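Structure file structure09.cif (mmCIF, C-alpha atoms) is printed below.
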```cif
data_target
#
loop_
_atom_site.label_atom_id
_atom_site.label_comp_id
_atom_site.auth_asym_id
_atom_site.auth_seq_id
_atom_site.Cartn_x
_atom_site.Cartn_y
_atom_site.Cartn_z
CA MET A 1 131.69 100.54 82.79
CA LEU A 2 130.06 97.59 84.46
CA PRO A 3 130.98 95.07 85.62
CA SER A 4 134.35 96.38 86.75
CA ILE A 5 136.97 94.61 88.77
CA TRP A 6 135.60 96.46 91.79
CA THR A 7 132.05 95.18 91.41
CA LEU A 8 133.50 91.70 91.06
CA ILE A 9 135.39 92.18 94.33
CA GLY A 10 132.27 93.59 95.99
CA GLN A 11 130.30 90.51 94.93
CA ALA A 12 133.06 88.31 96.29
CA GLY A 13 132.62 90.14 99.62
CA THR A 14 128.90 89.38 99.55
CA PHE A 15 129.64 85.75 98.79
CA LEU A 16 132.18 85.56 101.62
CA VAL A 17 129.61 86.89 104.09
CA PHE A 18 127.21 84.22 102.89
CA ILE A 19 129.81 81.47 103.16
CA PHE A 20 130.71 82.64 106.64
CA ALA A 21 127.05 82.64 107.71
CA VAL A 22 126.53 79.16 106.35
CA MET A 23 129.67 77.93 108.04
CA LYS A 24 128.69 79.52 111.31
CA PHE A 25 124.93 78.97 111.51
CA VAL A 26 123.83 76.40 108.98
CA TRP A 27 126.59 73.85 108.80
CA PRO A 28 127.02 72.98 112.51
CA PRO A 29 123.38 72.12 113.23
CA LEU A 30 123.16 70.22 109.96
CA THR A 31 126.26 68.14 110.61
CA GLN A 32 125.17 67.67 114.18
CA ALA A 33 121.78 66.39 113.09
CA MET A 34 123.49 64.05 110.67
CA GLU A 35 125.89 62.83 113.32
CA GLU A 36 123.02 62.27 115.76
CA ARG A 37 121.11 60.36 113.16
CA ARG A 38 124.18 58.27 112.36
CA GLN A 39 124.74 57.54 116.02
CA LYS A 40 121.13 56.60 116.55
CA ILE A 41 121.27 54.17 113.66
CA ALA A 42 124.56 52.74 114.90
CA GLU A 43 123.09 52.26 118.35
CA GLY A 44 119.98 50.68 116.95
CA LEU A 45 121.99 48.26 114.88
CA ALA A 46 124.21 47.41 117.83
CA HIS A 47 121.17 46.81 120.00
CA SER A 48 119.56 44.56 117.47
CA GLU A 49 122.75 42.57 117.13
CA GLU A 50 122.99 42.27 120.89
CA ALA A 51 119.40 41.16 121.06
CA GLU A 52 120.10 38.56 118.42
CA HIS A 53 122.98 37.24 120.46
CA ALA A 54 120.86 37.20 123.60
CA LEU A 55 118.18 35.31 121.74
CA GLU A 56 120.74 32.79 120.55
CA ARG A 57 122.01 32.35 124.06
CA ALA A 58 118.51 32.01 125.44
CA ASN A 59 117.68 29.45 122.81
CA ALA A 60 120.74 27.41 123.67
CA GLU A 61 119.92 27.66 127.34
CA ALA A 62 116.36 26.61 126.73
CA GLU A 63 117.52 23.63 124.72
CA GLU A 64 119.89 22.67 127.51
CA LEU A 65 117.09 22.96 130.05
CA ILE A 66 114.76 20.86 127.94
CA ARG A 67 117.41 18.21 127.48
CA ASP A 68 118.07 18.21 131.21
CA ALA A 69 114.40 17.99 132.03
CA ARG A 70 113.96 15.14 129.60
CA ARG A 71 116.83 13.28 131.15
CA LYS A 72 115.46 13.86 134.63
CA ALA A 73 112.02 12.76 133.57
CA GLY A 74 113.52 9.55 132.19
CA GLU A 75 115.30 8.95 135.46
CA ILE A 76 112.16 9.55 137.45
CA ILE A 77 110.16 7.19 135.29
CA GLU A 78 112.87 4.57 135.65
CA GLN A 79 112.89 4.99 139.40
CA ALA A 80 109.14 4.87 139.59
CA SER A 81 108.93 1.67 137.61
CA GLN A 82 111.61 0.13 139.80
CA ARG A 83 109.78 1.19 142.90
CA GLY A 84 106.56 -0.15 141.44
CA ASN A 85 108.18 -3.48 140.75
CA GLN A 86 109.54 -3.50 144.26
CA LEU A 87 106.13 -2.78 145.67
CA VAL A 88 104.52 -5.51 143.65
CA GLU A 89 107.28 -7.91 144.70
CA GLN A 90 106.82 -6.90 148.31
CA ALA A 91 103.09 -7.26 148.13
CA LYS A 92 103.49 -10.67 146.59
CA GLU A 93 105.85 -11.72 149.32
CA ASP A 94 103.54 -10.32 151.98
CA ALA A 95 100.63 -12.14 150.48
CA MET A 96 102.59 -15.40 150.35
CA GLY A 97 103.57 -15.01 154.00
CA GLU A 98 100.03 -14.26 154.99
CA ARG A 99 98.76 -17.21 153.08
CA ASP A 100 101.31 -19.51 154.70
CA ARG A 101 100.48 -18.17 158.05
CA GLN A 102 96.77 -18.60 157.55
CA VAL A 103 97.24 -22.06 156.16
CA ALA A 104 99.36 -22.97 159.14
CA ALA A 105 96.78 -21.58 161.54
CA ALA A 106 94.02 -23.44 159.80
CA GLU A 107 96.04 -26.66 159.87
CA ALA A 108 96.72 -26.20 163.56
CA GLU A 109 93.06 -25.67 164.22
CA ILE A 110 92.17 -28.69 162.20
CA ARG A 111 94.72 -30.71 164.09
CA GLN A 112 93.41 -29.49 167.39
CA ALA A 113 89.84 -30.20 166.43
CA THR A 114 90.85 -33.67 165.28
CA ASN A 115 92.65 -34.25 168.53
CA GLN A 116 89.70 -33.07 170.54
CA ALA A 117 87.38 -35.25 168.57
CA ARG A 118 89.72 -38.15 168.97
CA GLU A 119 89.94 -37.50 172.72
CA ALA A 120 86.19 -37.36 173.02
CA LEU A 121 85.84 -40.49 170.98
CA ARG A 122 88.39 -42.24 173.08
CA GLU A 123 86.57 -41.30 176.28
CA ARG A 124 83.30 -42.31 174.82
CA LEU A 125 84.78 -45.56 173.65
CA ALA A 126 86.17 -46.23 177.08
CA GLU A 127 82.74 -45.68 178.59
CA LEU A 128 81.19 -47.89 175.93
CA ALA A 129 83.81 -50.52 176.54
CA VAL A 130 83.17 -50.37 180.26
CA ALA A 131 79.44 -50.52 179.72
CA GLY A 132 79.89 -53.38 177.30
CA ALA A 133 82.11 -55.26 179.66
CA ASN A 134 79.54 -54.65 182.42
CA ARG A 135 76.89 -56.25 180.30
CA VAL A 136 79.17 -59.11 179.38
CA ILE A 137 80.30 -60.00 182.87
CA GLU A 138 77.04 -58.71 184.38
CA LYS A 139 78.88 -57.62 187.26
CA GLU A 140 80.05 -54.23 188.07
CA ILE A 141 83.71 -53.82 187.64
CA ASP A 142 85.15 -51.43 190.02
CA PRO A 143 86.31 -48.45 187.94
CA GLN A 144 88.91 -47.71 190.55
CA THR A 145 90.66 -51.05 190.30
CA HIS A 146 90.57 -51.41 186.56
CA ARG A 147 91.29 -47.88 185.78
CA ALA A 148 94.86 -48.43 184.63
CA MET A 149 93.85 -51.27 182.40
CA LEU A 150 91.06 -49.28 180.82
CA ASP A 151 93.26 -46.26 180.17
CA LYS A 152 95.78 -48.45 178.50
CA LEU A 153 93.01 -49.88 176.37
CA ALA A 154 91.82 -46.44 175.40
CA ALA A 155 95.35 -45.29 174.49
CA GLU A 156 95.71 -48.22 172.23
CA LEU A 157 92.53 -47.38 170.30
CA MET B 1 112.81 92.27 79.54
CA ALA B 2 113.20 94.20 76.31
CA SER B 3 115.69 92.79 73.92
CA ASN B 4 118.54 95.17 73.32
CA PRO B 5 120.89 93.57 70.86
CA GLU B 6 122.47 96.90 70.09
CA LEU B 7 123.73 97.06 73.67
CA ILE B 8 125.74 93.96 73.19
CA GLU B 9 126.90 94.03 69.63
CA GLY B 10 129.77 96.50 69.47
CA VAL B 11 130.37 98.72 66.49
CA GLU B 12 132.92 96.35 65.05
CA GLY B 13 130.50 93.45 65.49
CA THR B 14 132.41 92.00 68.45
CA THR B 15 130.71 91.24 71.75
CA GLN B 16 131.08 93.92 74.34
CA CYS B 17 131.04 92.52 77.85
CA GLN B 18 131.00 95.74 79.86
CA MET B 19 127.90 97.87 79.94
CA PRO B 20 128.15 101.62 79.48
CA SER B 21 125.40 102.45 82.01
CA ALA B 22 123.61 101.02 85.02
CA ASP B 23 120.47 100.73 82.89
CA ALA B 24 122.14 98.59 80.32
CA TYR B 25 123.83 96.56 83.04
CA VAL B 26 120.53 95.69 84.70
CA VAL B 27 118.82 94.94 81.41
CA HIS B 28 121.73 92.74 80.43
CA HIS B 29 121.33 90.77 83.62
CA ILE B 30 117.68 90.06 83.05
CA THR B 31 118.00 89.07 79.41
CA ASN B 32 118.24 85.41 78.55
CA LEU B 33 120.52 83.90 75.96
CA ARG B 34 118.10 83.37 73.10
CA MET B 35 117.97 81.15 70.10
CA PRO B 36 117.46 82.14 67.40
CA LYS B 37 119.59 85.24 67.88
CA GLY B 38 117.80 88.54 68.22
CA ALA B 39 114.35 86.97 68.58
CA ASP B 40 111.73 88.96 70.41
CA SER B 41 111.39 88.09 74.11
CA MET B 42 107.64 87.55 73.71
CA ASP B 43 108.06 85.13 70.82
CA PRO B 44 106.77 81.78 72.14
CA TRP B 45 109.11 79.79 69.87
CA VAL B 46 112.29 81.26 71.23
CA TRP B 47 114.67 79.02 73.14
CA HIS B 48 116.19 80.25 76.39
CA VAL B 49 119.42 78.37 75.98
CA ASP B 50 121.00 79.47 79.29
CA THR B 51 118.02 78.31 81.36
CA MET B 52 117.97 75.01 79.54
CA ILE B 53 121.70 74.40 79.93
CA VAL B 54 121.82 75.36 83.60
CA SER B 55 118.75 73.37 84.58
CA ALA B 56 119.98 70.37 82.61
CA LEU B 57 123.37 70.56 84.33
CA LEU B 58 121.73 70.92 87.74
CA GLY B 59 119.41 68.05 86.96
CA LEU B 60 122.36 65.89 85.98
CA PHE B 61 124.17 66.91 89.14
CA PHE B 62 121.15 65.99 91.27
CA LEU B 63 120.74 62.66 89.51
CA GLY B 64 124.44 61.87 89.81
CA PHE B 65 124.41 62.83 93.46
CA LEU B 66 121.49 60.54 94.22
CA TYR B 67 122.87 57.80 92.00
CA LEU B 68 126.18 57.87 93.82
CA ALA B 69 124.43 57.67 97.18
CA ALA B 70 122.15 54.87 95.99
CA ARG B 71 125.01 52.86 94.53
CA ARG B 72 127.01 53.07 97.70
CA ALA B 73 124.01 52.53 99.95
CA SER B 74 124.38 49.84 102.58
CA ALA B 75 122.09 48.48 105.26
CA GLY B 76 124.65 49.26 107.95
CA VAL B 77 125.45 52.54 109.64
CA PRO B 78 125.20 55.17 106.88
CA GLY B 79 128.23 57.23 105.96
CA GLY B 80 128.16 60.95 105.22
CA LEU B 81 126.60 61.02 101.76
CA GLN B 82 124.15 58.22 102.39
CA ASN B 83 123.18 59.72 105.70
CA PHE B 84 122.45 63.08 104.09
CA VAL B 85 120.45 61.58 101.23
CA GLU B 86 118.54 59.38 103.66
CA MET B 87 117.65 62.43 105.72
CA LEU B 88 116.46 64.20 102.59
CA VAL B 89 114.44 61.21 101.41
CA ASP B 90 112.94 60.73 104.87
CA PHE B 91 111.97 64.37 105.03
CA VAL B 92 110.30 64.33 101.61
CA ASP B 93 108.63 60.99 102.26
CA ASN B 94 107.19 62.27 105.54
CA SER B 95 105.91 65.42 103.84
CA VAL B 96 104.19 63.27 101.24
CA LYS B 97 102.84 60.90 103.88
CA GLU B 98 101.25 63.79 105.73
CA SER B 99 99.19 65.12 102.84
CA PHE B 100 98.88 62.43 100.21
CA HIS B 101 97.02 59.29 101.21
CA GLY B 102 97.16 57.32 98.00
CA PRO B 103 100.03 55.12 96.80
CA ARG B 104 103.32 56.99 97.19
CA LYS B 105 105.34 55.01 94.71
CA PHE B 106 105.31 57.76 92.14
CA VAL B 107 104.37 60.82 94.21
CA ALA B 108 107.25 60.60 96.69
CA PRO B 109 110.00 60.43 94.03
CA LEU B 110 108.22 63.20 92.17
CA ALA B 111 108.25 65.34 95.28
CA LEU B 112 111.93 64.60 95.86
CA THR B 113 112.75 65.54 92.28
CA ILE B 114 110.80 68.79 92.49
CA PHE B 115 112.36 69.70 95.80
CA GLY B 116 115.90 68.93 94.72
CA LEU B 117 115.61 70.61 91.35
CA VAL B 118 113.94 73.78 92.59
CA PHE B 119 116.39 73.96 95.48
CA LEU B 120 119.36 73.81 93.10
CA TRP B 121 117.74 76.30 90.72
CA ASN B 122 117.27 78.74 93.58
CA LEU B 123 120.75 78.09 94.89
CA MET B 124 122.18 79.50 91.68
CA ASP B 125 120.97 82.87 92.90
CA LEU B 126 123.77 82.87 95.45
CA VAL B 127 126.53 82.67 92.88
CA PRO B 128 127.85 86.24 92.54
CA VAL B 129 125.75 87.79 89.80
CA ASP B 130 128.51 88.82 87.41
CA TYR B 131 130.86 85.89 87.63
CA VAL B 132 129.35 83.37 85.27
CA PRO B 133 127.93 85.75 82.63
CA TYR B 134 131.01 87.95 82.62
CA ALA B 135 133.43 85.03 82.39
CA LEU B 136 131.40 83.39 79.61
CA CYS B 137 131.27 86.69 77.74
CA GLU B 138 134.94 87.53 78.16
CA PHE B 139 136.31 84.09 77.29
CA PHE B 140 133.69 82.57 75.00
CA GLY B 141 131.89 85.56 73.60
CA VAL B 142 128.52 84.50 74.98
CA PRO B 143 126.50 87.74 74.99
CA TYR B 144 123.93 86.89 77.67
CA PHE B 145 123.77 84.25 80.32
CA ARG B 146 121.34 83.99 83.23
CA ILE B 147 122.19 81.20 85.60
CA VAL B 148 119.07 81.22 87.83
CA PRO B 149 116.54 79.02 86.04
CA SER B 150 113.78 79.83 88.53
CA ALA B 151 114.15 83.53 87.73
CA ASP B 152 113.17 82.77 84.15
CA ILE B 153 109.39 82.28 84.10
CA ASN B 154 109.72 79.45 81.58
CA ALA B 155 111.43 77.04 83.94
CA PRO B 156 108.95 77.26 86.86
CA PHE B 157 106.10 77.30 84.38
CA GLY B 158 107.41 74.22 82.63
CA LEU B 159 107.55 72.45 85.96
CA SER B 160 104.09 73.59 87.00
CA VAL B 161 102.52 72.62 83.66
CA THR B 162 103.87 69.14 84.31
CA VAL B 163 102.17 69.33 87.67
CA LEU B 164 98.92 70.35 85.96
CA LEU B 165 99.12 67.30 83.71
CA LEU B 166 99.73 65.13 86.76
CA ILE B 167 96.75 66.72 88.51
CA ILE B 168 94.55 65.67 85.59
CA VAL B 169 96.11 62.20 85.50
CA TYR B 170 95.59 61.74 89.23
CA SER B 171 92.02 63.04 89.05
CA ILE B 172 91.23 60.36 86.51
CA LYS B 173 93.22 57.75 88.42
CA GLY B 174 91.50 58.53 91.72
CA LYS B 175 87.94 59.15 90.56
CA GLY B 176 87.78 57.47 87.18
CA LEU B 177 87.10 59.25 83.91
CA GLY B 178 83.38 59.42 84.72
CA GLY B 179 83.94 60.65 88.24
CA PHE B 180 86.30 63.36 87.08
CA GLY B 181 83.91 64.43 84.30
CA LYS B 182 81.00 64.43 86.70
CA GLU B 183 82.94 66.58 89.13
CA LEU B 184 83.83 69.02 86.34
CA PHE B 185 80.16 69.45 85.46
CA THR B 186 78.46 69.30 88.86
CA HIS B 187 80.91 70.96 91.20
CA PRO B 188 80.73 73.31 92.99
CA PHE B 189 77.19 74.63 92.32
CA GLY B 190 75.14 71.46 91.79
CA LYS B 191 73.98 69.07 89.10
CA ASN B 192 71.19 71.10 87.51
CA PRO B 193 71.98 71.16 83.73
CA LEU B 194 71.64 74.94 83.78
CA LEU B 195 74.65 75.08 86.09
CA TRP B 196 76.87 72.88 83.98
CA ILE B 197 78.47 75.72 82.05
CA PRO B 198 79.30 77.85 85.11
CA ASN B 199 80.63 74.75 86.85
CA VAL B 200 82.92 73.86 83.98
CA LEU B 201 84.14 77.43 83.67
CA LEU B 202 84.91 77.67 87.36
CA ASN B 203 86.65 74.32 87.38
CA ILE B 204 88.82 75.32 84.45
CA VAL B 205 89.77 78.52 86.23
CA GLU B 206 90.56 76.52 89.33
CA LEU B 207 92.67 74.06 87.40
CA ILE B 208 94.60 76.74 85.55
CA ALA B 209 95.11 78.79 88.71
CA LYS B 210 97.10 75.99 90.29
CA PRO B 211 100.08 75.85 87.91
CA VAL B 212 99.97 79.61 87.40
CA SER B 213 100.17 80.34 91.11
CA LEU B 214 102.88 77.70 91.59
CA ALA B 215 105.04 79.08 88.82
CA MET B 216 104.40 82.74 89.62
CA ARG B 217 105.23 82.34 93.30
CA LEU B 218 108.59 80.76 92.58
CA PHE B 219 109.41 83.01 89.67
CA GLY B 220 108.41 86.18 91.50
CA ASN B 221 110.50 85.39 94.54
CA LEU B 222 113.61 84.46 92.64
CA TYR B 223 113.29 87.14 89.98
CA ALA B 224 113.01 89.83 92.61
CA ALA B 225 115.88 88.29 94.56
CA GLU B 226 118.09 88.22 91.52
CA LEU B 227 117.21 91.79 90.66
CA ILE B 228 118.10 92.92 94.15
CA PHE B 229 121.48 91.20 93.87
CA VAL B 230 122.01 93.02 90.57
CA LEU B 231 121.05 96.34 92.15
CA ILE B 232 123.37 95.68 95.09
CA ALA B 233 126.15 95.09 92.57
CA LEU B 234 125.64 98.70 91.44
CA LEU B 235 126.63 100.03 94.86
CA PRO B 236 130.22 101.04 95.63
CA TRP B 237 132.26 97.89 96.02
CA TRP B 238 133.31 98.49 99.65
CA ILE B 239 129.73 98.68 100.92
CA GLN B 240 128.28 95.80 98.89
CA PHE B 241 128.98 93.11 101.45
CA ILE B 242 126.60 94.69 103.99
CA PRO B 243 123.32 94.67 102.03
CA GLY B 244 124.59 91.84 99.85
CA GLY B 245 125.53 89.73 102.83
CA ALA B 246 122.20 90.42 104.52
CA TRP B 247 120.31 89.52 101.37
CA ALA B 248 122.40 86.37 100.90
CA ILE B 249 121.76 85.29 104.48
CA PHE B 250 118.06 85.90 103.93
CA HIS B 251 118.41 83.50 101.02
CA ILE B 252 119.33 80.69 103.36
CA LEU B 253 115.65 80.90 104.24
CA VAL B 254 114.23 81.71 100.80
CA VAL B 255 116.01 79.02 98.78
CA PRO B 256 114.83 75.93 100.69
CA LEU B 257 111.50 77.52 101.59
CA GLN B 258 110.48 78.15 97.98
CA ALA B 259 111.58 74.65 97.03
CA PHE B 260 109.60 73.25 99.94
CA ILE B 261 106.49 75.27 99.08
CA PHE B 262 106.59 74.17 95.46
CA MET B 263 106.92 70.57 96.55
CA THR B 264 104.26 70.70 99.26
CA LEU B 265 101.71 72.45 97.07
CA THR B 266 102.31 69.91 94.33
CA ILE B 267 101.61 67.12 96.80
CA VAL B 268 98.51 68.89 98.11
CA TYR B 269 97.16 69.49 94.60
CA LEU B 270 97.72 65.86 93.69
CA SER B 271 96.07 64.74 96.90
CA LEU B 272 93.06 66.99 96.21
CA ALA B 273 92.87 65.60 92.69
CA TYR B 274 93.16 62.00 93.86
CA GLU B 275 90.59 62.09 96.62
CA GLU B 276 86.86 62.42 96.32
CA HIS B 277 85.56 65.74 97.63
#
```
Mind turning this structure into structure tokens?
Amino acid sequence: MLPSIWTLIGQAGTFLVFIFAVMKFVWPPLTQAMEERRQKIAEGLAHSEEAEHALERANAEAEELIRDARRKAGEIIEQASQRGNQLVEQAKEDAMGERDRQVAAAEAEIRQATNQAREALRERLAELAVAGANRVIEKEIDPQTHRAMLDKLAAEL
Amino acid sequence: MASNPELIEGVEGTTQCQMPSADAYVVHHITNLRMPKGADSMDPWVWHVDTMIVSALLGLFFLGFLYLAARRASAGVPGGLQNFVEMLVDFVDNSVKESFHGPRKFVAPLALTIFGLVFLWNLMDLVPVDYVPYALCEFFGVPYFRIVPSADINAPFGLSVTVLLLIIVYSIKGKGLGGFGKELFTHPFGKNPLLWIPNVLLNIVELIAKPVSLAMRLFGNLYAAELIFVLIALLPWWIQFIPGGAWAIFHILVVPLQAFIFMTLTIVYLSLAYEEH
């Protein structure tokens, strides 16, 4: 008579062999593959999070750098404008000095030329005076004897 | 698969769960639970209740399994169930990607369904052959019960007829009604009107051959496998675990392989239907 308790036991034996084979040869690689996959995903997620953090940090750093650079640029511009002002100031001063100096030199020259002209005039006048006096008194006046008097006359002119 | 109601109905009209001979035992194992009772096995209007119940339960199990995984799914590191389902989905999606180049929105879930369902059908072959039918008979008086849906030609054929319908749908979707009609009439011999009839005949044969070969391949493998388990159960109990164990271990290969083949061929057929050739 079939099935009997013995065929049922025999089938259980078959099933046990199958279960054992699955446990031994199918399950481990399957769970291992799953574990590997899980780990890979976990690593990937961790990496992406890390990268996000790094990006955040880099962004902050970049902002800091930009702010710094901006500040420095402002300083440099400030300095440059100050220096420019200084230079202009300096140039102005230099120019003033130069002008004064040139004016002074020109004045001195003028004065000298005036003096020379005056000197020449004085001499010429003295000669004219002597010549005039000669004509008036029609007699030669000895230049040696009247020299002092003539010089005094010229100085007074 | 002759129907032998007299084997099962005892003289007093009660159900007899133990078979008097090896012959009757084997026949009992390859007879489906039919509705209406005592209907001929070749009657097309007979219901194979056991196949329907088992495949419905397995389908529900598969759905529930995936639903559970989907509901608990998170974008973080996947836990055990999610990880397994993701692996399965990845595997099926890659298989589809390799051979089907159209939109995968429907084809990939279809492939996953086929793979999962056929896999579970085949897996039923590993349940010891007498346990479920004998228990159901002893405790509930159910005279026959086959628990391997893929070993009943109706289940694989039902699946493959669905595939045939999808082949036609995808042919029209990919090539248009005109393109599909034109191909039916002008392939493979040419567009001379004299060749139209041979073309159509050949195309019909080709179309029909696809679901038939799909269903037959699965059915043949699992029917033979089931029969061998039944025959092994006829051996003395203390030796059964050797051939039985070997056959069961061989099933570790057969069960997923047949499911994979059914799935892959479905994808290939749909891809052939969808693309111009």
Return as a CSV table (one decimal) with C-alpha atoms, in the frame of the given file the residues belonging to chain B that are within 10 Å of chain A, counting all atoms listed in the file.
```csv
chain,number,residue,atom,x,y,z
B,17,CYS,CA,131.0,92.5,77.8
B,18,GLN,CA,131.0,95.7,79.9
B,19,MET,CA,127.9,97.9,79.9
B,20,PRO,CA,128.2,101.6,79.5
B,21,SER,CA,125.4,102.4,82.0
B,22,ALA,CA,123.6,101.0,85.0
B,24,ALA,CA,122.1,98.6,80.3
B,25,TYR,CA,123.8,96.6,83.0
B,26,VAL,CA,120.5,95.7,84.7
B,75,ALA,CA,122.1,48.5,105.3
B,76,GLY,CA,124.6,49.3,108.0
B,77,VAL,CA,125.4,52.5,109.6
B,78,PRO,CA,125.2,55.2,106.9
B,79,GLY,CA,128.2,57.2,106.0
B,80,GLY,CA,128.2,61.0,105.2
B,81,LEU,CA,126.6,61.0,101.8
B,82,GLN,CA,124.2,58.2,102.4
B,83,ASN,CA,123.2,59.7,105.7
B,84,PHE,CA,122.4,63.1,104.1
B,86,GLU,CA,118.5,59.4,103.7
B,87,MET,CA,117.6,62.4,105.7
B,126,LEU,CA,123.8,82.9,95.4
B,127,VAL,CA,126.5,82.7,92.9
B,128,PRO,CA,127.8,86.2,92.5
B,129,VAL,CA,125.8,87.8,89.8
B,130,ASP,CA,128.5,88.8,87.4
B,131,TYR,CA,130.9,85.9,87.6
B,134,TYR,CA,131.0,88.0,82.6
B,229,PHE,CA,121.5,91.2,93.9
B,230,VAL,CA,122.0,93.0,90.6
B,232,ILE,CA,123.4,95.7,95.1
B,233,ALA,CA,126.2,95.1,92.6
B,234,LEU,CA,125.6,98.7,91.4
B,235,LEU,CA,126.6,100.0,94.9
B,236,PRO,CA,130.2,101.0,95.6
B,237,TRP,CA,132.3,97.9,96.0
B,238,TRP,CA,133.3,98.5,99.6
B,239,ILE,CA,129.7,98.7,100.9
B,240,GLN,CA,128.3,95.8,98.9
B,241,PHE,CA,129.0,93.1,101.4
B,242,ILE,CA,126.6,94.7,104.0
B,243,PRO,CA,123.3,94.7,102.0
B,244,GLY,CA,124.6,91.8,99.8
B,245,GLY,CA,125.5,89.7,102.8
B,246,ALA,CA,122.2,90.4,104.5
B,247,TRP,CA,120.3,89.5,101.4
B,248,ALA,CA,122.4,86.4,100.9
B,249,ILE,CA,121.8,85.3,104.5
B,250,PHE,CA,118.1,85.9,103.9
B,251,HIS,CA,118.4,83.5,101.0
B,252,ILE,CA,119.3,80.7,103.4
```
Selection result of the PyMOL selection byres ((chain B and resi 103) around 12) on this file, as a PyMOL selection string: chain B and resi 93+96-97+99-102+104-109+170+173-174+270-271+274-275
Write the residues of the selection above to a file with C-alpha atoms, as a compact mmCIF listing (two decimals), in the coordinates of the input.
```
# COMPACT_ATOMS: atom_id res chain seq x y z
CA ASP B 93 108.63 60.99 102.26
CA VAL B 96 104.19 63.27 101.24
CA LYS B 97 102.84 60.90 103.88
CA SER B 99 99.19 65.12 102.84
CA PHE B 100 98.88 62.43 100.21
CA HIS B 101 97.02 59.29 101.21
CA GLY B 102 97.16 57.32 98.00
CA ARG B 104 103.32 56.99 97.19
CA LYS B 105 105.34 55.01 94.71
CA PHE B 106 105.31 57.76 92.14
CA VAL B 107 104.37 60.82 94.21
CA ALA B 108 107.25 60.60 96.69
CA PRO B 109 110.00 60.43 94.03
CA TYR B 170 95.59 61.74 89.23
CA LYS B 173 93.22 57.75 88.42
CA GLY B 174 91.50 58.53 91.72
CA LEU B 270 97.72 65.86 93.69
CA SER B 271 96.07 64.74 96.90
CA TYR B 274 93.16 62.00 93.86
CA GLU B 275 90.59 62.09 96.62
```
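Here CA of Val163 in chain B stands at a distance of 6.7 Å from CA of Thr266 in chain B.
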Given the PyMOL selection byres ((chain B and resi 160) around 8) and the file above, list the residues it selects as a ChimeraX atom specification. /B:156-159,161-164,211-212,214-215
Please, what distance in Å, to one decimal, runs between CA of Leu184 in chain B and CA of Asn203 in chain B?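 Atom-to-atom, CA of Leu184 in chain B and CA of Asn203 in chain B are spaced 6.1 Å apart.
Residues with any atom within 12 Å of Leu257 in chain B, counting only C-alpha atoms and excluding same-chain neighbours fewer than 6 positions away, are Phe115, Gly116, Val118, Phe119, Asn122, Leu123, Arg217, Leu218, Asn221, Leu222, Phe250, His251, Met263, Thr264 and Leu265 of chain B.
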Could you tell me which residues the PyMOL selection byres ((chain B and resi 62) around 12) grabs in this file, written as a ChimeraX atom specification? /B:55-61,63-69,85,112-121
Computed interatomic separation between CA of Leu207 in chain B and CA of Leu272 in chain B (Å):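 Between CA of Leu207 in chain B and CA of Leu272 in chain B the gap works out to 11.3 Å.
Residues in contact with range 142-149 of chain B at up to 7 Å, not including ones fewer than 5 positions away on its chain and judged by all atoms listed in the file, are Ile8, Thr15, His28, His29, Thr31, Asn32, Leu33, Asp50, Thr51, Val54, Ser55, Trp121, Asn122, Met124, Asp125, Pro133, Leu136, Cys137 and Ala155 of chain B.
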When you look at His187 in chain B with a cut-off of 9 Å (counting all atoms listed in the file), what residues show up, excluding the ones that are within fewer than 5 positions of it in the same chain? I need them as a list in words.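 My reading of the contact set: Lys182, Trp196, Asn199, Val200, Leu202 and Asn203 of chain B.
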Closest of A:Ala154, A:Met96, A:Val88, A:Ala58 to Ala126 in chain A - atom-to-atom distances counting all atoms listed in the file: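 Closest candidate: A:Ala154.
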If you count all atoms listed in the file, which residues fall within 10 Å of Gly181 in chain B, apart from same-chain ones fewer than 4 positions away, as a PDB file with C-alpha atoms, keeping the file's coordinate frame?
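Dumped to selection26.pdb:
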```pdb
ATOM      1  CA  SER B 171      92.020  63.040  89.050  1.00  0.00           C
ATOM      2  CA  ILE B 172      91.230  60.360  86.510  1.00  0.00           C
ATOM      3  CA  LYS B 175      87.940  59.150  90.560  1.00  0.00           C
ATOM      4  CA  GLY B 176      87.780  57.470  87.180  1.00  0.00           C
ATOM      5  CA  LEU B 177      87.100  59.250  83.910  1.00  0.00           C
ATOM      6  CA  PHE B 185      80.160  69.450  85.460  1.00  0.00           C
ATOM      7  CA  THR B 186      78.460  69.300  88.860  1.00  0.00           C
ATOM      8  CA  HIS B 187      80.910  70.960  91.200  1.00  0.00           C
ATOM      9  CA  VAL B 200      82.920  73.860  83.980  1.00  0.00           C
TER      10      VAL B 200
END
```
Counting all atoms listed in the file, figure out which residue out of B:Ala111, B:Arg72, B:Pro36, B:Lys210 gets nearest to Phe91 in chain B.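 Looking at the shortest contact to Phe91 in chain B, the residue is B:Ala111.
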